[in-house]
>>> print(open('run_17.cif').read())   # mmCIF, C-alpha atoms
data_my_file
#
loop_
_atom_site.label_atom_id
_atom_site.label_comp_id
_atom_site.auth_asym_id
_atom_site.auth_seq_id
_atom_site.Cartn_x
_atom_site.Cartn_y
_atom_site.Cartn_z
CA MET X 1 -44.41 15.12 13.80
CA SER X 2 -41.36 16.42 11.99
CA ILE X 3 -38.40 15.83 9.72
CA THR X 4 -34.92 16.63 11.04
CA VAL X 5 -32.82 18.50 8.49
CA ARG X 6 -29.05 18.88 8.71
CA TYR X 7 -26.53 20.89 6.71
CA PHE X 8 -22.77 20.36 6.61
CA ALA X 9 -19.53 22.11 5.73
CA SER X 10 -19.67 25.02 3.24
CA LEU X 11 -23.43 24.60 2.86
CA SER X 12 -23.92 25.01 6.59
CA GLU X 13 -21.78 28.15 6.50
CA VAL X 14 -23.64 29.68 3.56
CA LEU X 15 -27.04 29.01 5.14
CA ASN X 16 -25.76 29.90 8.60
CA LYS X 17 -27.43 26.91 10.22
CA SER X 18 -26.53 23.27 10.80
CA GLU X 19 -29.74 21.64 11.98
CA GLU X 20 -33.45 22.39 12.10
CA LYS X 21 -36.79 20.63 12.19
CA LEU X 22 -39.62 20.88 9.70
CA GLU X 23 -43.04 20.20 11.19
CA THR X 24 -45.13 18.10 8.83
CA THR X 25 -47.94 15.57 8.99
CA THR X 26 -47.18 14.07 5.58
CA ALA X 27 -44.22 12.71 3.68
CA LEU X 28 -42.55 15.30 1.45
CA ASP X 29 -40.15 15.18 -1.39
CA ILE X 30 -36.62 16.48 -0.86
CA LYS X 31 -37.02 19.62 -2.93
CA GLU X 32 -40.20 20.54 -1.05
CA VAL X 33 -38.32 20.30 2.25
CA TRP X 34 -35.54 22.52 0.92
CA ASN X 35 -37.97 25.07 -0.51
CA GLN X 36 -40.01 25.31 2.67
CA LEU X 37 -36.92 25.81 4.84
CA ASN X 38 -34.87 27.88 2.39
CA PRO X 39 -37.44 29.71 0.28
CA ASP X 40 -34.99 32.35 -0.94
CA LYS X 41 -31.99 30.06 -1.63
CA ILE X 42 -31.35 27.93 -4.69
CA MET X 43 -29.89 24.53 -3.79
CA PRO X 44 -26.35 24.31 -5.25
CA ASN X 45 -26.15 21.97 -8.25
CA ASN X 46 -23.62 19.60 -6.68
CA THR X 47 -25.50 19.18 -3.37
CA LEU X 48 -25.54 15.62 -2.03
CA VAL X 49 -28.48 14.28 -0.06
CA ALA X 50 -28.77 11.55 2.57
CA ILE X 51 -31.82 10.21 4.35
CA ASN X 52 -31.17 8.44 7.65
CA MET X 53 -27.44 8.53 6.91
CA ALA X 54 -27.61 6.78 3.52
CA TYR X 55 -27.21 8.52 0.16
CA VAL X 56 -30.43 9.02 -1.82
CA GLU X 57 -31.33 10.52 -5.17
CA MET X 58 -33.01 13.93 -5.24
CA GLY X 59 -36.36 12.39 -6.27
CA GLN X 60 -36.68 10.40 -3.03
CA THR X 61 -39.58 10.98 -0.59
CA VAL X 62 -38.79 12.01 2.99
CA GLN X 63 -40.90 10.25 5.64
CA ILE X 64 -41.92 11.71 8.99
CA ASP X 65 -39.18 11.19 11.60
CA ASP X 66 -36.51 10.84 8.89
CA GLU X 67 -33.20 12.63 9.20
CA LEU X 68 -32.50 14.45 5.95
CA ALA X 69 -29.02 15.87 5.29
CA PHE X 70 -27.76 18.27 2.62
CA PHE X 71 -24.04 18.64 1.99
CA PRO X 72 -21.42 19.60 -0.61
CA PRO X 73 -19.19 17.03 -2.38
CA VAL X 74 -17.03 15.19 0.15
CA THR X 75 -13.28 15.76 0.41
CA GLY X 76 -11.92 13.26 2.94
CA GLY X 77 -8.83 11.11 2.76
CA ALA X 78 -5.53 12.40 1.45
CA LEU X 79 -5.06 14.87 -1.38
CA MET R 80 44.21 -15.15 -14.49
CA SER R 81 40.74 -16.54 -13.85
CA ILE R 82 36.98 -16.13 -13.88
CA THR R 83 35.07 -16.57 -10.61
CA VAL R 84 31.96 -18.69 -11.07
CA ARG R 85 29.12 -18.84 -8.54
CA TYR R 86 26.00 -21.00 -8.26
CA PHE R 87 22.95 -20.30 -6.10
CA ALA R 88 19.95 -22.01 -4.53
CA SER R 89 18.69 -25.24 -6.18
CA LEU R 90 21.38 -25.05 -8.86
CA SER R 91 24.07 -24.97 -6.19
CA GLU R 92 22.47 -28.00 -4.52
CA VAL R 93 22.21 -30.00 -7.73
CA LEU R 94 25.84 -29.27 -8.68
CA ASN R 95 26.98 -29.63 -5.09
CA LYS R 96 29.14 -26.50 -5.24
CA SER R 97 28.64 -22.80 -4.76
CA GLU R 98 31.81 -21.15 -6.03
CA GLU R 99 34.85 -22.07 -8.11
CA LYS R 100 37.47 -20.47 -10.34
CA LEU R 101 38.17 -21.17 -13.96
CA GLU R 102 41.74 -20.43 -14.99
CA THR R 103 41.86 -18.80 -18.38
CA THR R 104 44.06 -16.41 -20.35
CA THR R 105 41.31 -15.34 -22.74
CA ALA R 106 37.72 -14.12 -22.57
CA LEU R 107 35.17 -16.91 -22.95
CA ASP R 108 31.51 -17.07 -23.70
CA ILE R 109 29.11 -18.12 -20.93
CA LYS R 110 28.32 -21.53 -22.37
CA GLU R 111 32.02 -22.34 -22.73
CA VAL R 112 32.56 -21.56 -19.05
CA TRP R 113 29.64 -23.80 -18.06
CA ASN R 114 30.81 -26.63 -20.33
CA GLN R 115 34.39 -26.53 -19.07
CA LEU R 116 33.30 -26.58 -15.42
CA ASN R 117 30.29 -28.86 -15.78
CA PRO R 118 31.09 -31.11 -18.77
CA ASP R 119 28.56 -33.78 -17.84
CA LYS R 120 25.65 -31.46 -16.84
CA ILE R 121 23.16 -29.73 -19.13
CA MET R 122 22.39 -26.18 -17.99
CA PRO R 123 18.70 -26.01 -16.99
CA ASN R 124 16.59 -24.08 -19.50
CA ASN R 125 15.44 -21.43 -17.06
CA THR R 126 18.93 -20.64 -15.70
CA LEU R 127 19.61 -16.93 -15.16
CA VAL R 128 23.07 -15.46 -15.61
CA ALA R 129 24.77 -12.42 -14.11
CA ILE R 130 28.22 -10.98 -14.79
CA ASN R 131 29.63 -8.74 -12.07
CA MET R 132 26.26 -8.77 -10.34
CA ALA R 133 24.24 -7.52 -13.31
CA TYR R 134 21.93 -9.67 -15.45
CA VAL R 135 23.27 -10.57 -18.89
CA GLU R 136 22.01 -12.55 -21.86
CA MET R 137 23.44 -16.01 -22.48
CA GLY R 138 25.40 -14.77 -25.53
CA GLN R 139 27.56 -12.38 -23.49
CA THR R 140 31.34 -12.76 -23.27
CA VAL R 141 32.98 -13.26 -19.87
CA GLN R 142 36.19 -11.28 -19.34
CA ILE R 143 39.13 -12.29 -17.18
CA ASP R 144 38.53 -11.32 -13.51
CA ASP R 145 34.74 -11.20 -14.05
CA GLU R 146 32.41 -12.79 -11.53
CA LEU R 147 29.94 -15.00 -13.39
CA ALA R 148 26.86 -16.34 -11.59
CA PHE R 149 24.34 -19.03 -12.55
CA PHE R 150 21.04 -19.29 -10.70
CA PRO R 151 17.44 -20.47 -11.00
CA PRO R 152 14.46 -18.06 -11.35
CA VAL R 153 14.22 -15.81 -8.31
CA THR R 154 11.45 -16.16 -5.71
CA GLY R 155 11.81 -13.29 -3.25
CA GLY R 156 9.16 -11.05 -1.75
CA ALA R 157 5.82 -12.35 -0.59
CA LEU R 158 3.87 -15.18 -2.17
CA MET C 159 16.22 6.15 -0.22
CA LYS C 160 17.31 3.21 1.88
CA ILE C 161 17.76 -0.50 1.14
CA LYS C 162 18.48 -2.98 3.92
CA ILE C 163 19.01 -6.74 3.79
CA ILE C 164 18.70 -8.13 7.30
CA GLU C 165 18.94 -11.48 9.07
CA ALA C 166 17.31 -10.28 12.29
CA GLU C 167 13.55 -10.24 12.73
CA LEU C 168 11.81 -7.39 10.90
CA ASN C 169 9.35 -5.14 12.71
CA PRO C 170 7.85 -3.06 9.90
CA TRP C 171 6.07 -0.61 12.23
CA GLN C 172 9.16 0.23 14.23
CA GLU C 173 11.13 0.60 11.01
CA MET C 174 8.49 2.96 9.61
CA GLU C 175 8.30 5.03 12.77
CA HIS C 176 12.07 5.33 12.96
CA TYR C 177 12.62 6.08 9.27
CA GLN C 178 9.86 8.65 9.04
CA ALA C 179 11.03 10.41 12.22
CA ASN C 180 14.30 11.08 10.40
CA MET C 181 12.68 12.27 7.15
CA THR C 182 12.75 15.86 8.42
CA THR C 183 13.36 17.55 5.06
CA LEU C 184 10.18 15.97 3.70
CA SER C 185 8.05 17.02 6.68
CA GLY C 186 4.80 18.51 5.35
CA LYS C 187 5.77 17.73 1.74
CA PHE C 188 4.30 14.25 1.26
CA GLY C 189 0.58 13.56 1.21
CA ALA C 190 0.62 9.81 0.55
CA THR C 191 2.51 6.78 1.80
CA ASN C 192 1.87 3.31 0.42
CA ILE C 193 3.39 0.39 2.25
CA PHE C 194 3.57 -3.25 1.36
CA VAL C 195 4.47 -5.90 3.91
CA GLY C 196 4.95 -9.50 2.80
CA THR C 197 4.56 -11.99 5.63
CA MET C 198 5.44 -15.66 5.86
CA ARG C 199 2.41 -17.92 5.75
CA ASP C 200 2.22 -21.29 7.49
CA PHE C 201 0.85 -22.93 4.33
CA ASN C 202 1.63 -23.02 0.62
CA GLU C 203 0.27 -25.15 -2.21
CA GLY C 204 -1.71 -27.27 0.23
CA ASP C 205 1.16 -28.03 2.60
CA VAL C 206 2.01 -26.89 6.10
CA VAL C 207 5.22 -24.86 6.04
CA THR C 208 7.10 -24.90 9.34
CA SER C 209 9.90 -22.50 8.43
CA MET C 210 11.63 -20.99 5.44
CA THR C 211 15.22 -20.33 4.45
CA LEU C 212 15.85 -17.29 2.29
CA GLU C 213 19.06 -17.36 0.28
CA HIS C 214 20.28 -14.35 -1.67
CA TYR C 215 23.19 -13.17 -3.80
CA SER C 216 24.80 -10.70 -1.44
CA GLY C 217 26.00 -7.65 -3.35
CA MET C 218 23.92 -8.25 -6.44
CA THR C 219 20.73 -8.05 -4.38
CA GLU C 220 21.48 -4.52 -3.21
CA LYS C 221 22.56 -3.45 -6.73
CA GLN C 222 19.46 -4.92 -8.31
CA LEU C 223 17.10 -3.37 -5.74
CA ALA C 224 18.75 0.03 -6.23
CA LYS C 225 18.24 -0.32 -10.00
CA ILE C 226 14.56 -1.17 -9.50
CA ILE C 227 14.03 1.85 -7.28
CA GLU C 228 15.89 4.21 -9.62
CA LYS C 229 13.79 3.03 -12.55
CA THR C 230 10.61 3.48 -10.51
CA GLU C 231 11.69 6.99 -9.51
CA GLN C 232 12.00 7.84 -13.20
CA GLN C 233 8.52 6.50 -13.88
CA TYR C 234 6.56 7.99 -10.97
CA ALA C 235 6.69 11.24 -9.00
CA ILE C 236 7.84 9.83 -5.69
CA LEU C 237 9.79 11.44 -2.85
CA ASP C 238 11.38 8.57 -0.96
CA VAL C 239 11.55 4.77 -0.72
CA LEU C 240 12.40 2.41 2.13
CA LEU C 241 12.96 -1.25 1.27
CA ILE C 242 13.89 -3.92 3.80
CA HIS C 243 14.13 -7.64 2.95
CA ARG C 244 14.94 -10.46 5.30
CA VAL C 245 17.25 -13.36 4.53
CA GLY C 246 18.13 -16.47 6.51
CA LEU C 247 15.70 -18.51 8.61
CA LEU C 248 12.11 -17.25 8.85
CA LEU C 249 9.19 -18.53 10.87
CA PRO C 250 5.48 -18.29 10.00
CA ASN C 251 3.86 -14.92 10.69
CA GLN C 252 7.20 -13.13 10.42
CA PRO C 253 7.46 -10.26 7.93
CA ILE C 254 9.70 -11.02 4.92
CA VAL C 255 9.71 -7.70 3.13
CA LEU C 256 8.74 -4.08 3.70
CA ILE C 257 8.39 -1.59 0.85
CA ALA C 258 7.33 1.97 1.67
CA VAL C 259 6.90 4.76 -0.87
CA TRP C 260 6.29 8.43 -0.09
CA ALA C 261 4.74 10.77 -2.67
CA VAL C 262 2.81 14.02 -2.96
CA HIS C 263 -0.17 12.19 -4.52
CA ARG C 264 -1.62 8.81 -3.66
CA GLY C 265 -1.72 7.49 -7.23
CA ASP C 266 2.05 7.64 -7.50
CA ALA C 267 2.54 6.07 -4.08
CA PHE C 268 0.27 3.11 -4.89
CA ASP C 269 1.65 2.57 -8.40
CA ALA C 270 5.30 2.89 -7.43
CA CYS C 271 5.02 0.57 -4.41
CA ARG C 272 3.33 -2.11 -6.47
CA ASN C 273 5.80 -1.65 -9.27
CA ILE C 274 8.78 -2.10 -6.93
CA MET C 275 7.21 -5.22 -5.43
CA GLU C 276 6.57 -6.83 -8.84
CA ALA C 277 10.07 -5.97 -10.05
CA LEU C 278 11.59 -7.34 -6.84
CA LYS C 279 9.77 -10.63 -7.28
CA SER C 280 10.82 -11.02 -10.87
CA SER C 281 14.42 -9.84 -10.71
CA ALA C 282 15.95 -9.52 -7.21
CA PRO C 283 18.20 -12.54 -6.52
CA PHE C 284 16.37 -14.11 -3.56
CA TRP C 285 15.42 -17.79 -3.33
CA LYS C 286 13.01 -19.35 -0.88
CA LYS C 287 13.29 -22.85 0.47
CA GLU C 288 10.28 -24.09 2.40
CA ASN C 289 10.76 -26.50 5.25
CA LEU C 290 7.77 -28.85 5.45
CA ILE C 291 6.79 -31.36 8.11
CA GLU C 292 8.77 -33.89 6.08
CA GLY C 293 11.66 -32.58 4.06
CA SER C 294 12.09 -29.26 2.27
CA ARG C 295 11.59 -27.81 -1.20
CA TRP C 296 12.71 -24.83 -3.22
CA VAL C 297 9.89 -22.50 -4.19
CA THR C 298 9.82 -22.40 -7.98
CA LYS C 299 6.51 -20.80 -8.82
CA ASN C 300 6.41 -17.04 -8.49
CA THR C 301 2.77 -16.05 -8.16
CA GLN C 302 1.50 -13.12 -10.17
CA GLY C 303 0.55 -10.04 -8.19
CA TYR C 304 -2.48 -9.46 -10.34
CA GLN C 305 -4.23 -12.76 -9.70
CA THR C 306 -7.16 -12.80 -7.27
CA MET K 307 -12.65 -5.36 10.63
CA LYS K 308 -12.36 -2.12 12.54
CA ILE K 309 -13.33 1.48 11.73
CA LYS K 310 -12.31 4.34 14.00
CA ILE K 311 -12.98 8.07 13.71
CA ILE K 312 -10.65 9.91 16.07
CA GLU K 313 -9.91 13.48 17.15
CA ALA K 314 -6.59 12.65 18.80
CA GLU K 315 -3.36 12.49 16.85
CA LEU K 316 -2.98 9.34 14.73
CA ASN K 317 0.18 7.25 14.94
CA PRO K 318 -0.27 4.72 12.10
CA TRP K 319 2.67 2.54 13.15
CA GLN K 320 1.51 2.12 16.73
CA GLU K 321 -2.00 1.41 15.49
CA MET K 322 -0.67 -1.25 13.09
CA GLU K 323 1.51 -2.88 15.71
CA HIS K 324 -1.33 -2.97 18.22
CA TYR K 325 -3.99 -4.18 15.79
CA GLN K 326 -1.84 -6.89 14.27
CA ALA K 327 -0.72 -8.15 17.69
CA ASN K 328 -4.39 -8.91 18.37
CA MET K 329 -5.06 -10.62 15.02
CA THR K 330 -4.16 -13.97 16.54
CA THR K 331 -6.62 -16.06 14.52
CA LEU K 332 -5.01 -14.84 11.30
CA SER K 333 -1.47 -15.59 12.45
CA GLY K 334 0.35 -17.39 9.61
CA LYS K 335 -2.67 -17.04 7.31
CA PHE K 336 -1.96 -13.74 5.56
CA GLY K 337 0.91 -13.23 3.15
CA ALA K 338 0.29 -9.63 2.15
CA THR K 339 -0.59 -6.37 3.86
CA ASN K 340 -1.07 -3.15 1.94
CA ILE K 341 -1.28 0.07 3.90
CA PHE K 342 -2.13 3.55 2.82
CA VAL K 343 -1.41 6.57 4.99
CA GLY K 344 -2.63 10.00 3.94
CA THR K 345 -0.71 12.83 5.56
CA MET K 346 -1.44 16.54 5.79
CA ARG K 347 0.79 18.62 3.54
CA ASP K 348 1.84 22.18 4.31
CA PHE K 349 0.92 23.31 0.79
CA ASN K 350 -1.98 22.93 -1.63
CA GLU K 351 -2.73 24.59 -4.96
CA GLY K 352 0.23 26.90 -4.55
CA ASP K 353 -0.61 28.14 -1.05
CA VAL K 354 0.91 27.52 2.35
CA VAL K 355 -1.57 25.66 4.54
CA THR K 356 -1.03 26.24 8.25
CA SER K 357 -3.68 23.86 9.58
CA MET K 358 -6.81 22.05 8.51
CA THR K 359 -10.21 21.44 10.05
CA LEU K 360 -11.89 18.16 9.16
CA GLU K 361 -15.65 18.11 9.57
CA HIS K 362 -17.68 14.92 9.21
CA TYR K 363 -21.23 13.62 9.51
CA SER K 364 -20.92 11.56 12.66
CA GLY K 365 -22.92 8.35 12.35
CA MET K 366 -23.20 8.42 8.57
CA THR K 367 -19.41 8.36 8.24
CA GLU K 368 -19.13 5.06 10.09
CA LYS K 369 -22.07 3.56 8.17
CA GLN K 370 -20.66 4.66 4.82
CA LEU K 371 -17.16 3.35 5.58
CA ALA K 372 -18.60 0.00 6.68
CA LYS K 373 -20.54 -0.19 3.38
CA ILE K 374 -17.36 0.55 1.40
CA ILE K 375 -15.43 -2.17 3.21
CA GLU K 376 -18.24 -4.73 2.85
CA LYS K 377 -18.44 -4.08 -0.87
CA THR K 378 -14.65 -4.39 -1.18
CA GLU K 379 -14.74 -7.68 0.74
CA GLN K 380 -17.21 -9.01 -1.82
CA GLN K 381 -14.95 -7.94 -4.68
CA TYR K 382 -11.54 -9.10 -3.41
CA ALA K 383 -10.28 -12.07 -1.36
CA ILE K 384 -9.22 -10.14 1.72
CA LEU K 385 -8.94 -11.26 5.34
CA ASP K 386 -9.16 -8.09 7.42
CA VAL K 387 -9.34 -4.29 7.20
CA LEU K 388 -8.37 -1.52 9.61
CA LEU K 389 -9.50 2.01 8.78
CA ILE K 390 -8.80 5.05 10.96
CA HIS K 391 -9.68 8.61 9.94
CA ARG K 392 -9.02 11.77 11.88
CA VAL K 393 -11.45 14.65 12.31
CA GLY K 394 -11.06 18.04 13.97
CA LEU K 395 -7.97 20.22 13.84
CA LEU K 396 -4.92 18.84 11.99
CA LEU K 397 -1.43 20.24 11.60
CA PRO K 398 0.98 19.72 8.66
CA ASN K 399 2.82 16.38 8.66
CA GLN K 400 0.10 14.73 10.75
CA PRO K 401 -1.51 11.57 9.36
CA ILE K 402 -5.14 12.02 8.29
CA VAL K 403 -6.11 8.49 7.35
CA LEU K 404 -4.83 4.94 7.70
CA ILE K 405 -6.17 2.07 5.61
CA ALA K 406 -4.68 -1.40 6.06
CA VAL K 407 -5.77 -4.52 4.21
CA TRP K 408 -4.62 -8.08 4.94
CA ALA K 409 -4.89 -10.81 2.29
CA VAL K 410 -3.39 -14.15 1.32
CA HIS K 411 -2.10 -12.72 -1.97
CA ARG K 412 -0.58 -9.31 -2.65
CA GLY K 413 -2.76 -8.50 -5.67
CA ASP K 414 -5.88 -8.51 -3.53
CA ALA K 415 -4.23 -6.46 -0.78
CA PHE K 416 -3.09 -3.75 -3.21
CA ASP K 417 -6.36 -3.62 -5.16
CA ALA K 418 -8.61 -3.63 -2.12
CA CYS K 419 -6.65 -0.95 -0.25
CA ARG K 420 -6.71 1.35 -3.25
CA ASN K 421 -10.36 0.63 -3.85
CA ILE K 422 -11.28 1.54 -0.27
CA MET K 423 -9.27 4.75 -0.50
CA GLU K 424 -10.93 5.86 -3.75
CA ALA K 425 -14.39 5.01 -2.42
CA LEU K 426 -13.68 6.87 0.81
CA LYS K 427 -12.66 9.98 -1.09
CA SER K 428 -15.73 9.94 -3.31
CA SER K 429 -18.41 8.96 -0.80
CA ALA K 430 -17.44 9.20 2.90
CA PRO K 431 -18.92 12.39 4.39
CA PHE K 432 -15.76 14.25 5.38
CA TRP K 433 -15.02 17.87 4.48
CA LYS K 434 -11.70 19.64 4.68
CA LYS K 435 -11.24 23.31 5.44
CA GLU K 436 -7.75 24.65 4.92
CA ASN K 437 -6.48 27.45 7.10
CA LEU K 438 -4.11 29.65 5.11
CA ILE K 439 -1.82 32.45 6.23
CA GLU K 440 -4.73 34.77 5.52
CA GLY K 441 -8.19 33.33 5.93
CA SER K 442 -9.48 29.83 5.23
CA ARG K 443 -11.16 27.91 2.41
CA TRP K 444 -13.14 24.73 1.94
CA VAL K 445 -11.40 22.16 -0.23
CA THR K 446 -13.66 21.54 -3.21
CA LYS K 447 -11.52 19.67 -5.67
CA ASN K 448 -11.06 15.99 -4.96
CA THR K 449 -7.94 14.87 -6.82
CA GLN K 450 -8.02 11.64 -8.77
CA GLY K 451 -5.90 8.82 -7.40
CA TYR K 452 -4.84 7.79 -10.85
CA GLN K 453 -3.23 11.03 -11.91
CA THR K 454 0.55 11.24 -11.94
#
>>> encode(input="run_17.cif", output="C-alpha cells")
Amino acid sequence: MSITVRYFASLSEVLNKSEEKLETTTALDIKEVWNQLNPDKIMPNNTLVAINMAYVEMGQTVQIDDELAFFPPVTGGAL
Amino acid sequence: MSITVRYFASLSEVLNKSEEKLETTTALDIKEVWNQLNPDKIMPNNTLVAINMAYVEMGQTVQIDDELAFFPPVTGGAL
Amino acid sequence: MKIKIIEAELNPWQEMEHYQANMTTLSGKFGATNIFVGTMRDFNEGDVVTSMTLEHYSGMTEKQLAKIIEKTEQQYAILDVLLIHRVGLLLPNQPIVLIAVWAVHRGDAFDACRNIMEALKSSAPFWKKENLIEGSRWVTKNTQGYQT
Amino acid sequence: MKIKIIEAELNPWQEMEHYQANMTTLSGKFGATNIFVGTMRDFNEGDVVTSMTLEHYSGMTEKQLAKIIEKTEQQYAILDVLLIHRVGLLLPNQPIVLIAVWAVHRGDAFDACRNIMEALKSSAPFWKKENLIEGSRWVTKNTQGYQT
C-alpha cells in the first residue's frame, strides 16, 4: 500500500526526481509525506499541492493510493 | 455655390431622398439648412450631424462647398 | 493598421492568417492577440431575422474608424490593429465585423479590442435593417456591451 | 466545449475555421465570438529568448481547464468554448494558447474569454522554461492581465 508522489518543473529539477512511491499503511498528512521523502529539504514557501489532480490546502490528509503532487506556481498561457 | 446635403438610413427613407444641394452664397447654420430643405418636417431629436465626414454639434456653421450629413443613431458591429 | 469595408463574404480566419503572415516586422514581438468577431444571428427581439442590409456612409466610415483606432493606440500599448466590417446584404451566421488587436501584453490586447468595438458601435456610421418574415425594420436599439 | 493539449504546432485560424464549421447546432444563434491567442515572444525581461519548453501535469491540466470553463459558464451566458494549449518545445512567434468563446452578446464573450485566460494563468498546471542564448531559466513571474 502506497502513496504516489510527483514533482514538477523547477521543484523536480531541484530535487532531481519526478515521481516516487511512499509505502504506508495509514493516511498521512502532506507535510509528513514531504518530510519522509525529503528529510533534508525544506519545502519552498510557494509550493502548490494537488491530491488526485485537484488542488488541496497543505493541511489535507493523503489517503493510501492517492496521487500527491508538489509543484511551483504555474506559468502557463501568454506573458 | 452650394452645400451638399446627405441623408442616411431611416431618415433617408422618411424624407424619401438621400442627397441634394442647397444653393447659397453665405455660410448657414445647420438648422437653417434643414429648414430650407425640409420646411414641413421636424428634425428627429436623436439626429446626428456630420460636416465633411466628421461629427459636429448642432450649433456648427456650414460653409459653402461643405458636405453636410443627417442620420439616425448608428447601429453597426454586432448586437 | 488596416481598415477594410467589404461587400463580399467575410472569412475572419482566412483574413487573420493572411494578415498575420505579412506582419513580418512584428514576428516574435507580440505576446497577445485579442479578436472579436460579430456574427449575424437569425433572431432579434423575439423575431426571426431572414437577412440584414447594412448601410454605411462611405468615406466617413473609414475616417471615423481610423480616428477610433488612433485614439485607442494613444490609450493602450498596442502594436497593430486589423478591422474589417461588412456592408450590403448579410445572411444569418455570416460574420459582420472582425476586430483584431496585437500587443505585447494581454491586458492591452483585451482592453483595446473591446474599446474599439464599443466605439465602433456608438460612432461608426453603419445602419442595420433587418428583414423579417413579413416586412423589414431598422435596428434602433444599440445594445450595451457590458450587459449580461 | 473542447479542450486540447497538443505538442504539434498550433494554427489558431485553422482550428477556428474547423471548429466553427462543425458548430452546426449553434448556426445563427451566436452574435459574438471573442478569441485570445497567446504567442511566444523572442524577448522577456530584457533577454533574448531562443526557445521555450512548456511542461505540464498531464491529466490534471485537462481537469483544471474543464473546471475553469464550467465555472465561467455558470458566471456568464456563453454558448461554447474552445481551448487549445501547447506543451513541449516552442519557438518564437509560435502560438502557445487559443481561447475562443461564443455568446449571444459581446459583453459575455469578452468577459468570459478574459476570465478563462486569467484563471488558466493562475491555476492550470503549466510551467515555462525559457532557453536563452546562454543557459535556461524557469519563468517564475506571472504577469497580471490588467497591467498596461
>>> resolve_selection(input="run_17.cif", expression="the PyMOL selection byres ((chain C and resi 266-275) around 9)", output="ChimeraX atom specification")
/R:156-157 /C:190-194,223,226-227,230-231,233-236,239,257-265,276-280,303 /K:342,413,416,420,451-454
>>> atom_distance(input="run_17.cif", atom1="CA of Tyr86 in chain R", atom2="CA of Glu98 in chain R")
6.2 Å
>>> residues_around(input="run_17.cif", residues="range 205-219 of chain C", least_positions_apart="3", cutoff="9 Å", atoms="only C-alpha atoms", output="PDB file with C-alpha atoms, keeping the file's coordinate frame")
ATOM      1  CA  PHE R  87      22.950 -20.300  -6.100  1.00  0.00           C
ATOM      2  CA  ALA R  88      19.950 -22.010  -4.530  1.00  0.00           C
ATOM      3  CA  ALA R 129      24.770 -12.420 -14.110  1.00  0.00           C
ATOM      4  CA  ASN R 131      29.630  -8.740 -12.070  1.00  0.00           C
ATOM      5  CA  MET R 132      26.260  -8.770 -10.340  1.00  0.00           C
ATOM      6  CA  ALA R 133      24.240  -7.520 -13.310  1.00  0.00           C
ATOM      7  CA  GLY R 155      11.810 -13.290  -3.250  1.00  0.00           C
TER       8      GLY R 155
ATOM      9  CA  ILE C 163      19.010  -6.740   3.790  1.00  0.00           C
ATOM     10  CA  MET C 198       5.440 -15.660   5.860  1.00  0.00           C
ATOM     11  CA  ARG C 199       2.410 -17.920   5.750  1.00  0.00           C
ATOM     12  CA  ASP C 200       2.220 -21.290   7.490  1.00  0.00           C
ATOM     13  CA  PHE C 201       0.850 -22.930   4.330  1.00  0.00           C
ATOM     14  CA  ASN C 202       1.630 -23.020   0.620  1.00  0.00           C
ATOM     15  CA  GLN C 222      19.460  -4.920  -8.310  1.00  0.00           C
ATOM     16  CA  LEU C 223      17.100  -3.370  -5.740  1.00  0.00           C
ATOM     17  CA  ALA C 224      18.750   0.030  -6.230  1.00  0.00           C
ATOM     18  CA  ARG C 244      14.940 -10.460   5.300  1.00  0.00           C
ATOM     19  CA  VAL C 245      17.250 -13.360   4.530  1.00  0.00           C
ATOM     20  CA  GLY C 246      18.130 -16.470   6.510  1.00  0.00           C
ATOM     21  CA  LEU C 247      15.700 -18.510   8.610  1.00  0.00           C
ATOM     22  CA  LEU C 248      12.110 -17.250   8.850  1.00  0.00           C
ATOM     23  CA  LEU C 249       9.190 -18.530  10.870  1.00  0.00           C
ATOM     24  CA  PRO C 250       5.480 -18.290  10.000  1.00  0.00           C
ATOM     25  CA  ALA C 282      15.950  -9.520  -7.210  1.00  0.00           C
ATOM     26  CA  PRO C 283      18.200 -12.540  -6.520  1.00  0.00           C
ATOM     27  CA  PHE C 284      16.370 -14.110  -3.560  1.00  0.00           C
ATOM     28  CA  TRP C 285      15.420 -17.790  -3.330  1.00  0.00           C
ATOM     29  CA  LYS C 286      13.010 -19.350  -0.880  1.00  0.00           C
ATOM     30  CA  LYS C 287      13.290 -22.850   0.470  1.00  0.00           C
ATOM     31  CA  GLU C 288      10.280 -24.090   2.400  1.00  0.00           C
ATOM     32  CA  ASN C 289      10.760 -26.500   5.250  1.00  0.00           C
ATOM     33  CA  LEU C 290       7.770 -28.850   5.450  1.00  0.00           C
ATOM     34  CA  ILE C 291       6.790 -31.360   8.110  1.00  0.00           C
ATOM     35  CA  SER C 294      12.090 -29.260   2.270  1.00  0.00           C
TER      36      SER C 294
END
>>> resolve_selection(input="run_17.cif", expression="the PyMOL selection byres ((chain R and resi 112-120) around 10)", output="PyMOL selection string")
chain R and resi 82+84+93-94+99-101+103+106-111+121-123+140-141+147+149
>>> atom_distance(input="run_17.cif", atom1="CA of Ile164 in chain C", atom2="CA of Leu240 in chain C")
13.3 Å
>>> closest_residue(input="run_17.cif", among="K:Pro401, K:Gly337, K:Gly352, K:Gly441", to="chain C", atoms="all atoms listed in the file")
K:Gly337
>>> closest_residue(input="run_17.cif", among="C:Gln232, C:Gln178, C:Asn251, C:Thr197", to="chain R", atoms="only C-alpha atoms")
C:Thr197
>>> closest_residue(input="run_17.cif", among="K:Lys335, K:Ile402, K:Thr330, K:Ile309", to="chain R", atoms="all atoms listed in the file")
K:Lys335
>>> atom_distance(input="run_17.cif", atom1="CA of Ser81 in chain R", atom2="CA of Ser281 in chain C")
27.3 Å
